[in-house]
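Listing of entry.txt, compact mmCIF, C-alpha atoms
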# COMPACT_ATOMS: atom_id res chain seq x y z
CA MET A 1 -22.45 -24.35 10.97
CA ASP A 2 -20.11 -24.06 7.98
CA THR A 3 -17.13 -26.40 7.80
CA PRO A 4 -13.88 -24.48 8.44
CA CYS A 5 -11.50 -24.46 5.50
CA VAL A 6 -7.91 -23.67 4.71
CA ALA A 7 -6.32 -23.09 1.31
CA VAL A 8 -3.02 -24.42 -0.02
CA ALA A 9 -1.24 -22.82 -2.97
CA TYR A 10 -0.81 -25.95 -5.11
CA SER A 11 1.27 -25.70 -8.29
CA GLY A 12 1.66 -29.48 -8.56
CA GLY A 13 5.42 -29.23 -7.95
CA ARG A 14 7.30 -31.22 -5.34
CA ASP A 15 7.14 -28.72 -2.47
CA SER A 16 3.48 -27.76 -2.81
CA THR A 17 2.50 -31.39 -3.34
CA ALA A 18 4.21 -32.32 -0.07
CA LEU A 19 2.55 -29.44 1.77
CA LEU A 20 -0.90 -30.29 0.42
CA HIS A 21 -0.46 -33.96 1.36
CA ALA A 22 0.62 -33.07 4.91
CA THR A 23 -2.22 -30.57 5.27
CA LEU A 24 -4.78 -33.15 4.16
CA LYS A 25 -3.55 -35.63 6.75
CA ALA A 26 -3.96 -33.05 9.53
CA ALA A 27 -7.27 -31.69 8.19
CA ALA A 28 -8.90 -35.14 8.06
CA GLU A 29 -8.36 -35.51 11.80
CA GLN A 30 -9.74 -32.04 12.60
CA GLY A 31 -12.74 -31.84 10.27
CA VAL A 32 -11.28 -29.08 8.10
CA GLN A 33 -11.94 -28.67 4.37
CA VAL A 34 -8.83 -28.04 2.23
CA LEU A 35 -8.87 -25.96 -0.95
CA ALA A 36 -6.09 -26.81 -3.42
CA LEU A 37 -5.66 -23.54 -5.34
CA HIS A 38 -3.92 -23.87 -8.69
CA VAL A 39 -2.94 -20.88 -10.84
CA ASN A 40 -2.27 -21.65 -14.51
CA HIS A 41 0.00 -18.89 -15.81
CA GLY A 42 -0.15 -20.17 -19.38
CA LEU A 43 3.56 -19.44 -19.83
CA SER A 44 4.63 -23.02 -20.60
CA ARG A 45 3.34 -25.31 -23.32
CA HIS A 46 2.90 -27.88 -20.54
CA ALA A 47 0.75 -25.60 -18.34
CA ASP A 48 -2.58 -27.29 -19.17
CA ALA A 49 -1.06 -30.75 -18.70
CA TRP A 50 0.26 -29.73 -15.27
CA GLN A 51 -3.18 -28.46 -14.28
CA ALA A 52 -4.76 -31.74 -15.42
CA GLN A 53 -2.19 -33.76 -13.45
CA ALA A 54 -2.74 -31.67 -10.30
CA GLN A 55 -6.51 -32.03 -10.63
CA ALA A 56 -6.23 -35.81 -11.13
CA GLN A 57 -4.06 -36.10 -8.02
CA CYS A 58 -6.63 -34.23 -5.93
CA GLU A 59 -9.41 -36.40 -7.31
CA ARG A 60 -7.53 -39.54 -6.27
CA TRP A 61 -7.08 -38.18 -2.77
CA ARG A 62 -10.74 -37.17 -2.62
CA ARG A 63 -11.85 -40.70 -3.51
CA ARG A 64 -9.71 -41.97 -0.63
CA GLY A 65 -11.65 -39.78 1.77
CA ARG A 66 -9.30 -36.79 1.91
CA PRO A 67 -11.20 -33.47 2.41
CA VAL A 68 -9.85 -31.69 -0.68
CA ARG A 69 -11.36 -29.48 -3.41
CA PHE A 70 -9.32 -28.60 -6.47
CA ILE A 71 -9.90 -25.03 -7.71
CA ALA A 72 -8.00 -23.63 -10.68
CA GLN A 73 -7.76 -20.35 -12.52
CA ARG A 74 -6.04 -19.71 -15.83
CA LEU A 75 -4.62 -16.20 -16.17
CA ASP A 76 -5.88 -14.40 -19.26
CA THR A 77 -3.24 -11.66 -19.22
CA GLY A 78 0.53 -11.59 -19.60
CA PRO A 79 3.47 -9.37 -18.70
CA ALA A 80 3.58 -5.94 -20.28
CA LYS A 81 6.33 -5.07 -22.71
CA GLY A 82 9.56 -4.72 -20.80
CA GLU A 83 8.06 -6.09 -17.57
CA SER A 84 9.89 -8.84 -15.70
CA VAL A 85 8.18 -12.18 -16.33
CA GLU A 86 9.16 -13.31 -12.82
CA ALA A 87 7.67 -10.21 -11.18
CA TRP A 88 4.48 -10.37 -13.25
CA ALA A 89 3.96 -14.07 -12.56
CA ARG A 90 4.50 -13.62 -8.84
CA GLN A 91 2.13 -10.67 -8.52
CA ALA A 92 -0.54 -12.24 -10.72
CA ARG A 93 -0.29 -15.53 -8.82
CA TYR A 94 -0.77 -13.95 -5.40
CA ARG A 95 -3.66 -11.85 -6.66
CA ALA A 96 -5.39 -14.91 -8.13
CA LEU A 97 -4.77 -17.00 -5.02
CA ARG A 98 -6.29 -14.34 -2.78
CA ASN A 99 -9.38 -13.97 -4.97
CA LEU A 100 -9.93 -17.73 -5.21
CA ALA A 101 -9.56 -18.22 -1.46
CA LEU A 102 -12.02 -15.48 -0.55
CA GLN A 103 -14.52 -16.61 -3.18
CA HIS A 104 -14.61 -20.07 -1.59
CA GLY A 105 -14.64 -19.04 2.07
CA ALA A 106 -10.97 -19.32 3.08
CA THR A 107 -8.98 -16.55 4.75
CA LEU A 108 -5.82 -18.61 5.39
CA ILE A 109 -3.49 -19.66 2.56
CA LEU A 110 -0.52 -21.98 3.14
CA LEU A 111 2.60 -21.51 1.00
CA ALA A 112 5.27 -24.19 0.55
CA HIS A 113 8.40 -22.00 0.77
CA HIS A 114 11.19 -23.66 2.74
CA ARG A 115 14.55 -22.77 4.24
CA ARG A 116 16.46 -22.94 0.95
CA ASP A 117 13.96 -20.56 -0.65
CA GLN A 118 14.52 -18.11 2.20
CA ALA A 119 18.30 -18.31 1.91
CA GLU A 120 18.14 -17.77 -1.85
CA THR A 121 15.81 -14.80 -1.39
CA LEU A 122 18.22 -13.11 1.00
CA LEU A 123 21.13 -13.58 -1.42
CA LEU A 124 19.19 -12.25 -4.40
CA GLN A 125 17.98 -9.23 -2.43
CA ALA A 126 21.51 -8.49 -1.22
CA LEU A 127 22.82 -8.63 -4.80
CA ARG A 128 20.11 -6.15 -5.80
CA GLY A 129 21.24 -3.73 -3.10
CA ALA A 130 18.12 -4.15 -0.96
CA GLY A 131 17.76 -2.60 2.47
CA VAL A 132 16.68 -4.27 5.69
CA ALA A 133 13.17 -4.99 4.38
CA GLY A 134 14.57 -6.86 1.39
CA LEU A 135 17.14 -8.76 3.45
CA ALA A 136 14.34 -9.88 5.77
CA GLY A 137 13.19 -12.18 2.97
CA MET A 138 9.80 -13.80 3.28
CA PRO A 139 7.82 -13.47 6.53
CA PRO A 140 6.59 -16.71 8.17
CA ALA A 141 3.12 -15.16 8.42
CA VAL A 142 1.55 -11.94 7.17
CA GLU A 143 -1.99 -10.60 6.84
CA ARG A 144 -2.88 -8.59 3.73
CA ASP A 145 -6.25 -7.51 2.40
CA GLY A 146 -8.30 -9.91 4.49
CA VAL A 147 -6.09 -12.97 3.91
CA THR A 148 -3.40 -14.49 6.15
CA TRP A 149 -0.46 -15.96 4.24
CA LEU A 150 1.34 -18.66 6.23
CA ARG A 151 4.64 -20.39 5.40
CA PRO A 152 4.74 -23.28 7.88
CA TRP A 153 7.89 -24.84 6.35
CA LEU A 154 10.05 -21.72 6.14
CA ALA A 155 12.50 -23.17 8.66
CA VAL A 156 12.38 -26.69 7.18
CA PRO A 157 15.45 -27.82 5.13
CA ARG A 158 14.83 -28.63 1.47
CA GLU A 159 16.27 -32.14 1.92
CA GLN A 160 13.68 -32.92 4.60
CA ILE A 161 10.86 -32.12 2.16
CA LYS A 162 12.46 -34.28 -0.54
CA ALA A 163 12.65 -37.15 1.98
CA TYR A 164 8.94 -36.67 2.81
CA VAL A 165 8.04 -36.96 -0.88
CA ARG A 166 10.08 -40.15 -1.27
CA ARG A 167 8.63 -41.70 1.87
CA HIS A 168 5.04 -41.17 0.75
CA ARG A 169 5.79 -41.86 -2.93
CA LEU A 170 4.17 -38.65 -4.08
CA ALA A 171 3.97 -37.87 -7.78
CA TYR A 172 4.60 -34.27 -8.73
CA VAL A 173 5.11 -31.95 -11.71
CA ASP A 174 8.66 -31.16 -12.84
CA ASP A 175 8.53 -27.60 -14.15
CA ASP A 176 10.92 -27.23 -17.09
CA SER A 177 11.06 -23.46 -16.59
CA ASN A 178 13.24 -24.12 -13.54
CA ASP A 179 16.06 -24.81 -16.00
CA ASN A 180 15.68 -21.46 -17.77
CA VAL A 181 18.71 -19.40 -16.70
CA ARG A 182 17.06 -16.22 -17.99
CA PHE A 183 15.52 -16.08 -14.52
CA ALA A 184 17.81 -14.87 -11.71
CA ARG A 185 16.73 -17.49 -9.18
CA ASN A 186 17.41 -20.31 -11.64
CA ARG A 187 20.91 -18.94 -12.31
CA MET A 188 21.45 -18.80 -8.58
CA ARG A 189 20.41 -22.44 -8.15
CA ARG A 190 22.45 -23.75 -11.07
CA ASP A 191 25.65 -21.70 -10.96
CA VAL A 192 26.01 -20.21 -7.47
CA TRP A 193 24.37 -22.46 -4.92
CA PRO A 194 26.40 -25.64 -5.55
CA VAL A 195 29.70 -23.72 -5.27
CA LEU A 196 28.52 -21.82 -2.20
CA THR A 197 27.37 -24.89 -0.28
CA ASP A 198 30.51 -26.79 -1.25
CA ALA A 199 32.61 -24.04 0.35
CA PHE A 200 30.15 -23.33 3.19
CA PRO A 201 28.01 -26.42 3.99
CA GLN A 202 25.90 -24.49 6.53
CA ALA A 203 25.05 -21.68 4.09
CA GLU A 204 21.35 -22.53 3.88
CA ALA A 205 20.86 -22.47 7.64
CA THR A 206 23.01 -19.41 8.35
CA LEU A 207 21.53 -17.30 5.56
CA ALA A 208 18.00 -18.18 6.61
CA GLU A 209 18.93 -17.24 10.19
CA ALA A 210 20.31 -13.92 8.94
CA ALA A 211 16.92 -13.24 7.31
CA THR A 212 15.29 -13.83 10.70
CA TRP A 213 17.61 -11.27 12.29
CA ALA A 214 16.76 -8.82 9.51
CA GLN A 215 13.06 -9.35 10.20
CA GLU A 216 13.61 -8.39 13.85
CA ALA A 217 15.61 -5.34 12.79
CA MET A 218 12.82 -4.32 10.41
CA VAL A 219 10.28 -4.41 13.25
CA CYS A 220 12.58 -2.30 15.45
CA LEU A 221 13.03 0.27 12.67
CA ALA A 222 9.27 0.47 12.19
CA GLU A 223 8.76 1.09 15.91
CA LEU A 224 11.51 3.75 15.92
CA ALA A 225 9.93 5.47 12.91
CA GLU A 226 6.59 5.55 14.71
CA VAL A 227 8.22 7.27 17.69
CA ASP A 228 10.06 9.79 15.52
CA LEU A 229 7.06 10.60 13.33
CA SER A 230 4.96 11.34 16.41
CA LEU A 231 7.43 14.19 17.05
CA VAL A 232 8.09 15.49 13.53
CA ALA A 233 4.88 14.89 11.55
CA ASN A 234 1.17 15.58 11.84
CA SER A 235 -1.85 15.99 9.59
CA ALA A 236 -0.26 19.07 7.99
CA GLY A 237 2.77 17.10 6.81
CA LEU A 238 6.40 16.48 7.75
CA ASN A 239 7.95 19.31 9.77
CA LEU A 240 11.34 19.63 8.13
CA ARG A 241 13.00 21.61 10.91
CA ALA A 242 12.14 18.99 13.52
CA TRP A 243 12.95 16.18 11.08
CA SER A 244 16.38 17.68 10.31
CA ALA A 245 17.27 17.56 14.01
CA LEU A 246 17.29 13.74 13.88
CA SER A 247 20.45 11.84 13.11
CA LEU A 248 20.96 10.98 9.44
CA PRO A 249 19.98 7.28 9.83
CA ARG A 250 16.84 8.24 11.75
CA ARG A 251 15.98 10.93 9.18
CA SER A 252 16.21 8.32 6.43
CA ASN A 253 14.16 5.80 8.40
CA ALA A 254 11.46 8.32 9.36
CA LEU A 255 11.28 9.70 5.82
CA ARG A 256 10.77 6.25 4.32
CA ALA A 257 8.00 5.51 6.81
CA TRP A 258 6.30 8.88 6.21
CA LEU A 259 6.42 8.44 2.45
CA ARG A 260 4.97 4.94 2.71
CA SER A 261 2.10 6.03 4.98
CA SER A 262 1.36 9.19 2.97
CA THR A 263 1.47 7.69 -0.51
CA GLY A 264 0.56 4.03 0.05
CA HIS A 265 3.75 2.53 -1.35
CA ALA A 266 7.49 2.42 -0.67
CA ALA A 267 9.72 5.09 -2.17
CA PRO A 268 12.66 4.05 -4.36
CA ALA A 269 16.11 4.39 -2.80
CA SER A 270 17.10 6.97 -5.42
CA LEU A 271 14.27 9.31 -4.37
CA VAL A 272 15.04 8.92 -0.66
CA ALA A 273 18.72 9.70 -1.27
CA ARG A 274 17.78 12.81 -3.26
CA LEU A 275 15.31 14.03 -0.63
CA LEU A 276 17.84 13.61 2.18
CA VAL A 277 20.07 16.10 0.37
CA GLU A 278 17.45 18.53 -0.96
CA LEU A 279 14.79 18.72 1.75
CA PRO A 280 16.88 20.71 4.28
CA ARG A 281 17.25 23.54 1.74
CA SER A 282 15.04 26.62 1.89
CA GLY A 283 12.31 27.72 -0.47
CA SER A 284 9.48 25.93 -2.22
CA ALA A 285 10.15 22.81 -4.27
CA GLU A 286 8.39 19.83 -5.81
CA TRP A 287 9.30 16.20 -6.51
CA PRO A 288 7.04 13.95 -8.63
CA PHE A 289 6.24 10.65 -6.93
CA GLY A 290 3.70 7.96 -7.75
CA ASP A 291 0.47 9.46 -9.01
CA GLY A 292 1.09 12.77 -7.28
CA CYS A 293 3.76 15.18 -6.11
CA LEU A 294 5.78 15.90 -2.97
CA LYS A 295 5.75 19.61 -2.15
CA ARG A 296 7.93 21.61 0.25
CA TYR A 297 6.46 24.90 1.42
CA ARG A 298 7.30 27.00 4.47
CA GLY A 299 9.31 24.19 6.04
CA VAL A 300 6.65 21.48 5.65
CA LEU A 301 6.64 18.52 3.25
CA ARG A 302 3.24 17.41 1.96
CA TYR A 303 2.02 14.92 -0.60
CA ALA A 304 -0.56 16.04 -3.16
CA ARG A 305 -2.44 13.93 -5.69
CA PRO A 306 -4.00 15.19 -8.91
CA SER A 307 -7.74 15.58 -8.52
CA GLN A 308 -9.70 12.84 -10.21
CA ALA A 309 -12.67 15.20 -10.26
CA HIS A 310 -10.67 17.79 -12.21
CA ALA A 311 -9.36 15.08 -14.53
CA ALA A 312 -12.95 14.26 -15.48
CA ALA A 313 -13.49 18.02 -16.05
CA PRO A 314 -17.15 18.31 -15.00
CA GLU A 315 -18.77 21.73 -15.11
CA ARG A 316 -18.11 23.81 -12.00
CA GLU A 317 -21.05 24.45 -9.72
CA THR A 318 -22.04 28.12 -9.39
CA ALA A 319 -24.61 27.94 -6.59
CA LEU A 320 -25.12 26.05 -3.33
CA ILE A 321 -27.77 25.93 -0.61
CA ILE A 322 -26.76 24.95 2.93
CA ARG A 323 -29.56 24.53 5.46
CA ARG A 324 -27.82 22.29 7.98
CA ALA A 325 -24.44 20.87 8.92
CA GLY A 326 -23.00 18.20 6.64
CA LEU A 327 -20.70 17.48 3.72
CA HIS A 328 -21.62 19.08 0.38
CA ALA A 329 -19.87 17.53 -2.62
CA LEU A 330 -18.71 19.89 -5.37
CA PRO A 331 -17.12 17.59 -7.98
CA GLY A 332 -16.69 20.43 -10.46
CA TRP A 333 -14.35 22.13 -7.99
CA GLY A 334 -12.56 18.92 -7.04
CA GLY A 335 -13.70 18.55 -3.44
CA SER A 336 -16.40 19.09 -0.83
CA LEU A 337 -17.50 21.87 1.51
CA GLN A 338 -17.88 20.70 5.10
CA ALA A 339 -20.32 22.57 7.35
CA THR A 340 -19.96 21.89 11.10
CA ARG A 341 -22.17 23.28 13.90
CA VAL A 342 -20.30 25.60 16.27
CA GLU A 343 -21.30 27.81 19.21
CA GLU A 344 -19.23 30.80 18.14
CA GLY A 345 -16.86 31.98 15.43
CA GLY A 346 -18.99 30.60 12.61
CA VAL A 347 -21.22 32.05 9.91
CA PRO A 348 -24.98 32.23 10.61
CA LEU A 349 -26.94 29.54 8.79
CA ALA A 350 -29.20 32.28 7.47
CA TRP A 351 -26.30 33.55 5.33
CA LEU A 352 -25.99 30.17 3.59
CA ALA A 353 -29.46 29.77 2.12
CA GLN A 354 -28.38 31.13 -1.28
CA LEU A 355 -24.64 30.92 -1.97
CA GLU A 356 -22.62 31.82 -5.04
CA LEU A 357 -19.47 29.91 -5.92
CA ARG A 358 -16.81 31.80 -7.84
CA PRO A 359 -13.17 31.33 -8.89
CA ARG A 360 -10.51 33.84 -7.93
CA GLN A 361 -10.43 36.73 -10.36
CA GLY A 362 -8.15 39.20 -8.58
CA GLY A 363 -8.97 42.16 -6.38
CA GLU A 364 -10.90 40.17 -3.74
CA GLN A 365 -10.58 41.48 -0.17
CA PHE A 366 -10.65 39.19 2.90
CA GLN A 367 -10.82 40.23 6.56
CA ALA A 368 -8.85 37.74 8.64
CA GLY A 369 -10.11 38.86 12.06
CA ILE A 370 -12.50 41.22 13.81
CA GLY A 371 -10.96 44.68 13.99
CA ARG A 372 -8.35 43.86 11.36
CA PRO A 373 -8.40 45.60 7.97
CA PRO A 374 -9.45 43.71 4.84
CA ARG A 375 -6.48 42.81 2.62
CA SER A 376 -6.03 41.17 -0.77
CA LEU A 377 -6.25 37.41 -0.91
CA LYS A 378 -2.66 37.18 -2.15
CA LYS A 379 -1.35 39.01 0.94
CA GLN A 380 -3.63 37.03 3.26
CA PHE A 381 -2.43 33.72 1.79
CA GLN A 382 1.20 34.78 2.17
CA SER A 383 0.67 36.01 5.73
CA ALA A 384 -1.03 32.75 6.74
CA ALA A 385 1.61 30.64 4.90
CA VAL A 386 -1.06 28.88 2.84
CA PRO A 387 0.65 26.92 0.02
CA ALA A 388 -0.66 27.28 -3.51
CA TRP A 389 -2.21 23.81 -3.66
CA GLU A 390 -4.30 24.54 -0.53
CA ARG A 391 -5.85 27.60 -2.18
CA GLU A 392 -7.93 25.42 -4.48
CA GLY A 393 -11.71 25.42 -4.35
CA PRO A 394 -14.41 28.05 -4.76
CA LEU A 395 -14.74 31.43 -3.14
CA VAL A 396 -18.12 31.38 -1.35
CA TYR A 397 -20.31 34.50 -1.51
CA SER A 398 -23.69 35.39 -0.07
CA GLY A 399 -25.52 38.46 -1.37
CA GLY A 400 -22.31 39.72 -2.92
CA GLN A 401 -20.36 39.48 0.36
CA LEU A 402 -17.35 37.16 0.52
CA VAL A 403 -18.14 34.51 3.16
CA PHE A 404 -15.47 31.82 2.93
CA VAL A 405 -12.08 31.26 1.28
CA PRO A 406 -10.39 27.81 1.15
CA GLY A 407 -7.19 27.92 3.18
CA LEU A 408 -8.21 31.08 5.06
CA GLY A 409 -11.64 30.32 6.48
CA ILE A 410 -14.60 32.56 7.22
CA ASP A 411 -14.40 36.29 6.55
CA ALA A 412 -14.61 38.12 9.89
CA ARG A 413 -17.34 40.43 8.51
CA VAL A 414 -19.87 37.58 8.48
CA ILE A 415 -19.10 35.94 11.84
CA GLY A 416 -22.32 35.39 13.77
CA LEU A 417 -23.42 36.84 17.07
CA PRO A 418 -23.88 34.82 20.29
CA GLY A 419 -27.14 32.88 20.22
CA GLN A 420 -27.32 32.57 16.43
CA ALA A 421 -27.28 29.16 14.77
CA GLN A 422 -23.78 29.03 13.27
CA VAL A 423 -21.57 26.69 11.28
CA ALA A 424 -17.87 26.59 10.54
CA LEU A 425 -16.88 25.90 6.93
CA HIS A 426 -13.94 23.80 5.77
CA TRP A 427 -12.85 22.96 2.23
CA ARG A 428 -11.89 19.31 1.71
CA SER A 429 -10.00 18.92 -1.56
CA SER A 430 -9.77 15.52 -3.21
CA SER A 431 -6.44 16.46 -4.78
CA HIS A 432 -4.27 15.92 -1.70
CA ARG A 433 -4.25 14.28 1.69

Show this structure as C-alpha cells.
Amino acid sequence: MDTPCVAVAYSGGRDSTALLHATLKAAAEQGVQVLALHVNHGLSRHADAWQAQAQAQCERWRRRGRPVRFIAQRLDTGPAKGESVEAWARQARYRALRNLALQHGATLILLAHHRRDQAETLLLQALRGAGVAGLAGMPPAVERDGVTWLRPWLAVPREQIKAYVRRHRLAYVDDDSNDNVRFARNRMRRDVWPVLTDAFPQAEATLAEAATWAQEAMVCLAELAEVDLSLVANSAGLNLRAWSALSLPRRSNALRAWLRSSTGHAAPASLVARLLVELPRSGSAEWPFGDGCLKRYRGVLRYARPSQAHAAAPERETALIIRRAGLHALPGWGGSLQATRVEEGGVPLAWLAQLELRPRQGGEQFQAGIGRPPRSLKKQFQSAAVPAWEREGPLVYSGGQLVFVPGLGIDARVIGLPGQAQVALHWRSSSHR
C-alpha cells in the first residue's frame, strides 16, 4: 500500500517555513509523507539562493527523520508585456504547484495564508471595486482540477505564527521583493496597515470576519441563482422575458451565474452592467465575449463560439453513408450529424445509404409537416424562429430529394411509414453550446 502524502507550498519564507515545520511534526506521528513544493519564479537575483536554502533546510529535517521530500520547479516563462507581475506570478505559481503535486501523488496542498493575509485581501478587493466574490477573500478550502487547496491557518493571527518561528528557532528566507512598493500589497503593508491598526487595533480580526460573512453571502447568492436559472434558462438559452420579471438584483445575480456556466469564466462588471440595460430591448443583437459571442434572438440569449473546425478550413464533405444510428463527424462543416433510432417520425434508414451534402444556394423548398405546403427555407426558418447561427451545417439530400435541414429537421416528404426502420437526425454544431 502506498504511503499517503500531503504537499505544502514552501517558498522558504517565514509563514511557509512554519507551516511546513508544523506539518512535518504531525505527519511523523501519522505515517504521512510530506512534499515541500518550491516554485522558483526567477524574478529576483536571489531566487536560486533561496531555492538552495529551502532545499538545504529540508535535507536537514530529512536527516533528523522528518518525512519530507523537497521538489522544486523553476519557471521558464515570464509575464507578457503589460501583464501584472503579481497576477502572472500568482497564476504561474498555482499552476506549477498543482502539476508538481499530482506528478508526485498528492491531491492535497497546504497554503500558509493567515488572518492578516485575509484582511489585506479584503481591503485590496474593496479598493478595486470587487463584488461579493472578491470581498469573500480566500476560501479556507477549495477543490479545483483534482486538487484540494487547504489554508489551515487562515484564522490564525500573524503574530502567533511569528511566535511559533521564534520558539522553534526556524531559519527562513527574507524576500526583498516584499519591500517593492510597485506591488499593491506591499504598499498596503508599508503605508496603510500601520496607520489602520493604530487607529483600529482589531482591524485584522474584524476584516477577516467580514470576509467570512462575504463567503456565506456568496454561497447564498449561488443557491439563489440556481433557483432562478431553473425558471428562466434551459438548454436553448436564457429566456429574457422570464428573466426580466425578476427584481434587478436577482436579474444581475442570475445573469452573472448564467454567463459563468455558459462561457466557463466570470463576466466583467462592465459587460454585466451593459447587458442589464440592453437585453430587455427588442430585436436581434450581439455582444462579443471571451472567445465567442452572446446573441439575442427572438427573446432568447445564447452563447456561440467560433468553430475550431471552420478555423482550420478543411474541405467540406460532399457525401455520407449512414447504415445505423450513431454520431457522424463532419469537420468540414463544423459539426456532426447525429442519427437516433425512433419508432415513428423519422426517415427510413434505406434513404440514408447514399447521401449528398450541400450548402444553401437559394430556392430550396422544405415541407415542415405532413399535409402542409413546401415553402422556402428562408420562410421556414423565420416561421420556426431559428436564429442564423443555428442554420449552419449541410443540407442533406438523398436521390435529389431534400431529407434534412439543420434547425428545421426532417422534410415531411421523407418521413417513414409504421414498421420501417427509422432514425431521427440532429445537427450538432461545434460552434456553439

- Query: Which is closer to Arg189 of chain A than all the others in A:Trp258, A:Arg14, A:Arg116, A:Arg274, using all atoms listed in the file?
  - Reply: A:Arg116

- Please provide as a list in words all residues within 9 Å of segment 219-232 of chain A, with the sequence filter that same-chain residues fewer than 5 positions apart are discarded (counting all atoms listed in the file).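 Close residues of segment 219-232 of chain A: Ala214, Gly237, Leu238, Asn239, Leu240, Arg241, Ala242, Trp243, Leu246, Arg250, Arg251, Asn253, Ala254, Leu255, Arg256, Ala257 and Trp258 of chain A.
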
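Take the candidates A:Gly369, A:Arg324, A:Gln361, A:Thr23 and check each one against Ala421 of chain A using all atoms listed in the file; the shortest distance goes to A:Arg324.
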
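Closest approach to Arg413 of chain A from the set A:Gly393, A:Pro201, A:Pro387, A:Gly371 is made by A:Gly371, with distances taken over only C-alpha atoms.
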
- Pick out the closest residue to Ala304 of chain A from this set: A:Thr263, A:Gln338, A:Thr77, A:Gln422. Count only C-alpha atoms.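 Counting only C-alpha atoms, the residue closest to Ala304 of chain A is A:Thr263.
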
- Task: Give me the residues within 12 Å of Gly399 of chain A as a VMD selection string, counting only C-alpha atoms and dropping any in the same chain fewer than 3 places off.
- Result: chain A and resid 319 350 to 357 396 402 to 403 414

- Would you work out the distance separating atom CA of Gly105 of chain A from atom CA of Gly31 of chain A, expressed in Å to one decimal? 15.3 Å

- Within 12 Å of Val39 of chain A, counting only C-alpha atoms, which residues qualify if same-chain residues fewer than 6 places away don't, as an MDAnalysis selection string? chainID A and resid 8:12 47:48 50:52 54:55 70:76 89:101

Create the file for the chosen residues now, containing C-alpha atoms and written as a PDB file, keeping the file's coordinate frame.
ATOM      1  CA  VAL A   8      -3.020 -24.420  -0.020  1.00  0.00           C
ATOM      2  CA  ALA A   9      -1.240 -22.820  -2.970  1.00  0.00           C
ATOM      3  CA  TYR A  10      -0.810 -25.950  -5.110  1.00  0.00           C
ATOM      4  CA  SER A  11       1.270 -25.700  -8.290  1.00  0.00           C
ATOM      5  CA  GLY A  12       1.660 -29.480  -8.560  1.00  0.00           C
ATOM      6  CA  ALA A  47       0.750 -25.600 -18.340  1.00  0.00           C
ATOM      7  CA  ASP A  48      -2.580 -27.290 -19.170  1.00  0.00           C
ATOM      8  CA  TRP A  50       0.260 -29.730 -15.270  1.00  0.00           C
ATOM      9  CA  GLN A  51      -3.180 -28.460 -14.280  1.00  0.00           C
ATOM     10  CA  ALA A  52      -4.760 -31.740 -15.420  1.00  0.00           C
ATOM     11  CA  ALA A  54      -2.740 -31.670 -10.300  1.00  0.00           C
ATOM     12  CA  GLN A  55      -6.510 -32.030 -10.630  1.00  0.00           C
ATOM     13  CA  PHE A  70      -9.320 -28.600  -6.470  1.00  0.00           C
ATOM     14  CA  ILE A  71      -9.900 -25.030  -7.710  1.00  0.00           C
ATOM     15  CA  ALA A  72      -8.000 -23.630 -10.680  1.00  0.00           C
ATOM     16  CA  GLN A  73      -7.760 -20.350 -12.520  1.00  0.00           C
ATOM     17  CA  ARG A  74      -6.040 -19.710 -15.830  1.00  0.00           C
ATOM     18  CA  LEU A  75      -4.620 -16.200 -16.170  1.00  0.00           C
ATOM     19  CA  ASP A  76      -5.880 -14.400 -19.260  1.00  0.00           C
ATOM     20  CA  ALA A  89       3.960 -14.070 -12.560  1.00  0.00           C
ATOM     21  CA  ARG A  90       4.500 -13.620  -8.840  1.00  0.00           C
ATOM     22  CA  GLN A  91       2.130 -10.670  -8.520  1.00  0.00           C
ATOM     23  CA  ALA A  92      -0.540 -12.240 -10.720  1.00  0.00           C
ATOM     24  CA  ARG A  93      -0.290 -15.530  -8.820  1.00  0.00           C
ATOM     25  CA  TYR A  94      -0.770 -13.950  -5.400  1.00  0.00           C
ATOM     26  CA  ARG A  95      -3.660 -11.850  -6.660  1.00  0.00           C
ATOM     27  CA  ALA A  96      -5.390 -14.910  -8.130  1.00  0.00           C
ATOM     28  CA  LEU A  97      -4.770 -17.000  -5.020  1.00  0.00           C
ATOM     29  CA  ARG A  98      -6.290 -14.340  -2.780  1.00  0.00           C
ATOM     30  CA  ASN A  99      -9.380 -13.970  -4.970  1.00  0.00           C
ATOM     31  CA  LEU A 100      -9.930 -17.730  -5.210  1.00  0.00           C
ATOM     32  CA  ALA A 101      -9.560 -18.220  -1.460  1.00  0.00           C
TER      33      ALA A 101
END

- Query: Separation of atom CA of Pro268 of chain A and atom CA of Cys293 of chain A, in Å?
  - Reply: 14.4 Å

- What is the atom CA of Ser261 of chain A-atom CA of Pro288 of chain A distance in Å, reported with one decimal?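 If I compute the distance from atom CA of Ser261 of chain A to atom CA of Pro288 of chain A, I get 16.5 Å.
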
- Item | Option closest in space to Leu122 of chain A, from A:Ala141, A:Ala329, A:Ala205, A:Val147 [counting all atoms listed in the file] |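 When distances to Leu122 of chain A are compared using all atoms listed in the file, the smallest one comes from A:Ala205.
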
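Shortest atom-to-atom contact with Ala208 of chain A among A:Leu154, A:Leu196, A:Phe381, A:Ser44: A:Leu154, counting all atoms listed in the file.
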